[in-house]
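Worksheet: the structure to be examined is printed underneath.
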Amino acid sequence: MKTMIILNPSSGKEKAEEYAEKIDVTLRNKYKDIQFRTTAKEGDAAAFAAEASVSFFDAVIAMGGDGTINEVINGLADQAHRPKLGIIPLGTVNDFARALHIPLEPYEAISILEHQNLRPVDIGKVNESYFANVLAVGAIAEASYKVSTDQKTKLGPLAYFIEGAKSFLNGNAITISVEHEGGKWEGETFLLLTALTNSVGGFEALAPEADVNDGVFHTFIIKKLSIPKIATLIPSLLKGELAESKDIEYFRSAYLTVASDQEHVVNVDGEEGESLPFCAKVLRGHLDVFVPTKKT
Ligand SMILES: Nc1ncnc2c1ncn2[C@@H]1O[C@H](COP(=O)(O)OP(=O)(O)OP(=O)(O)O)[C@@H](O)[C@H]1O
């Protein structure tokens with residue numbers, strides 16, 4: 001199997017090189033033709049993945065955080081030949097790995113690849129780019145850009161929670177209009193969140209029923225509320241029952257358009273993406289991803 005391993009050396013706790021050696025030793029026999037590519041900057045992972053597609057590689061293995069995986073998906077998604085995708089999670093949150101039940105411990109994730117067990121996985125397309133997990137709009141979404149590498153290394157996912165909580169307290173609602181399969185919604189919101197999978201920001205109970213190949217987005221709109229009212233949402237959130245709350249607009253749809261009169265940036269897979277308006281659709285089962293066998 002002709003395989004490209006794309007490694008982001010800056011990811012996670014910065015032990016990527018060590019894992020690269022391990023992957024080389026573990027997979028040499030099964031995958032044989034292995035080529036390592038190391039990213040140096042933004043855009044490299046996407047370019048390497050695109051190169052693997054046009055050179056008819058059989059598999060691409062992404063070693064990094066959700067940002068690296070997002071780039072690799074962008075390199076693969078619009079190609080005629082799409083190599084199979086493997087994930088070695090090295091980031092802080094690793095939502096895509098969580099959703100696919102890929103172990104968060106990198107050595108264990110490497111051993112999953114030995115079984116070569118595949119699953120077709122949905123990918124989202126937002127305007128002209130692709131994403132694996134989540135789109136978010138609103139003050140909380142914008143807070144994630146403020147988290148520094150240093151904070152992430154020290155605090156892990158808590159770093160995002162702290163910035164998110166701060167922005168909630170200062171929170172300004174935004175006015176948006178949304179169209180989906182079931183109709184339209186217009187109003188003021190603190191956060192619109194569209195999830196392809198059940199894991200968002202490391203939290204796996206947001207949309208517990210979201211499956212990686214159910215063909216739909218799970219969208220939550222948190223309506224403008226008073227701070228004490230927001231606190232009442234926490235128990236439903238923790239129980240995985242947020243969708244049932246009357247202060248939340250929840251729907252499933254294979255497509256979604258979101259617009260606003262104001263200028264707002266969309267958070268795409270945890271990174272600063274494009275500005276509103278956006279039009280998103282689900283590409284069902286678009287990539288074959290290596291996942292654990294049921295027993296593991
Ligand atoms: N050699 C490098 N040095 C510094 N930054 C890099 C390097 N290679 C890639 N990057 C940047 O890292 C970003 C992706 O980081 P990624 O999200 O994968 O890891 P992370 O930030 O450690 O994880 P998380 O987002 O879960 O905290 C890329 O978008 C790119 O801009």
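Please note that chains go A, B, ... in the order of the structure tokens, that every chain numbers its residues from 1, and that ligands are numbered from 1 in the order shown.
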
Selection near Asn74 of chain A, 8 Å with only C-alpha atoms, sequence-local residues under 5 positions removed, as an MDAnalysis selection string: chainID A and resid 46 129:131

With N, CA and C atoms retained, write the just-selected residues as a short mmCIF file (atom, residue, chain, number, x, y, z; two decimals), in the first residue's frame.
data_model
loop_
_atom_site.label_atom_id
_atom_site.label_comp_id
_atom_site.auth_asym_id
_atom_site.auth_seq_id
_atom_site.Cartn_x
_atom_site.Cartn_y
_atom_site.Cartn_z
N ALA A 46 -2.41 20.37 3.52
CA ALA A 46 -3.38 20.30 2.41
C ALA A 46 -2.65 20.03 1.10
N SER A 129 -14.72 25.30 0.71
CA SER A 129 -13.78 24.45 1.45
C SER A 129 -14.51 23.34 2.20
N TYR A 130 -13.72 22.48 2.84
CA TYR A 130 -14.26 21.27 3.44
C TYR A 130 -13.97 21.24 4.94
N PHE A 131 -14.79 20.49 5.68
CA PHE A 131 -14.53 20.36 7.11
C PHE A 131 -14.97 18.98 7.61
#

Env. residues ligand 1 / 7 Å / only C-alpha atoms and all ligand atoms / as a PyMOL selection string: chain A and resi 8-12+39-44+64-69+90-94+149+152+270

Any idea what's packed within 10 Å of Leu283 of chain A, counting only C-alpha atoms, ignoring anything in its chain fewer than 3 positions away? Could you give it as a PDB file with C-alpha atoms, in the first residue's frame?
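The resulting file, around03.pdb, is reproduced below:
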ATOM      1  CA  ALA A  77     -11.938  16.018  -0.710  1.00  0.00           C
ATOM      2  CA  VAL A 121     -17.298   9.050   6.747  1.00  0.00           C
ATOM      3  CA  ASP A 122     -19.311  12.195   5.938  1.00  0.00           C
ATOM      4  CA  ILE A 123     -17.440  15.393   5.122  1.00  0.00           C
ATOM      5  CA  GLY A 124     -18.930  18.885   5.127  1.00  0.00           C
ATOM      6  CA  LYS A 125     -18.465  21.393   2.334  1.00  0.00           C
ATOM      7  CA  TYR A 130     -14.265  21.267   3.441  1.00  0.00           C
ATOM      8  CA  ASN A 213     -22.112   8.821   8.323  1.00  0.00           C
ATOM      9  CA  GLY A 215     -25.750  12.173   6.038  1.00  0.00           C
ATOM     10  CA  VAL A 216     -26.948  15.191   8.047  1.00  0.00           C
ATOM     11  CA  ALA A 254     -28.219  17.766   4.732  1.00  0.00           C
ATOM     12  CA  TYR A 255     -27.699  21.422   3.827  1.00  0.00           C
ATOM     13  CA  ALA A 280     -22.899  24.163   3.593  1.00  0.00           C
ATOM     14  CA  HIS A 286     -17.046  10.902   1.104  1.00  0.00           C
ATOM     15  CA  LEU A 287     -13.814   9.579   2.672  1.00  0.00           C
TER      16      LEU A 287
END

Distance query Ala47 of chain A at most 9 Å, only C-alpha atoms, self and fewer than 6 positions along chain excluded, as a ChimeraX atom specification: /A:71-72,74-75

For Lys146 of chain A, the nearest of the candidates A:Lys294, A:Lys166, A:Arg82, A:His218, counting only C-alpha atoms: A:Lys166
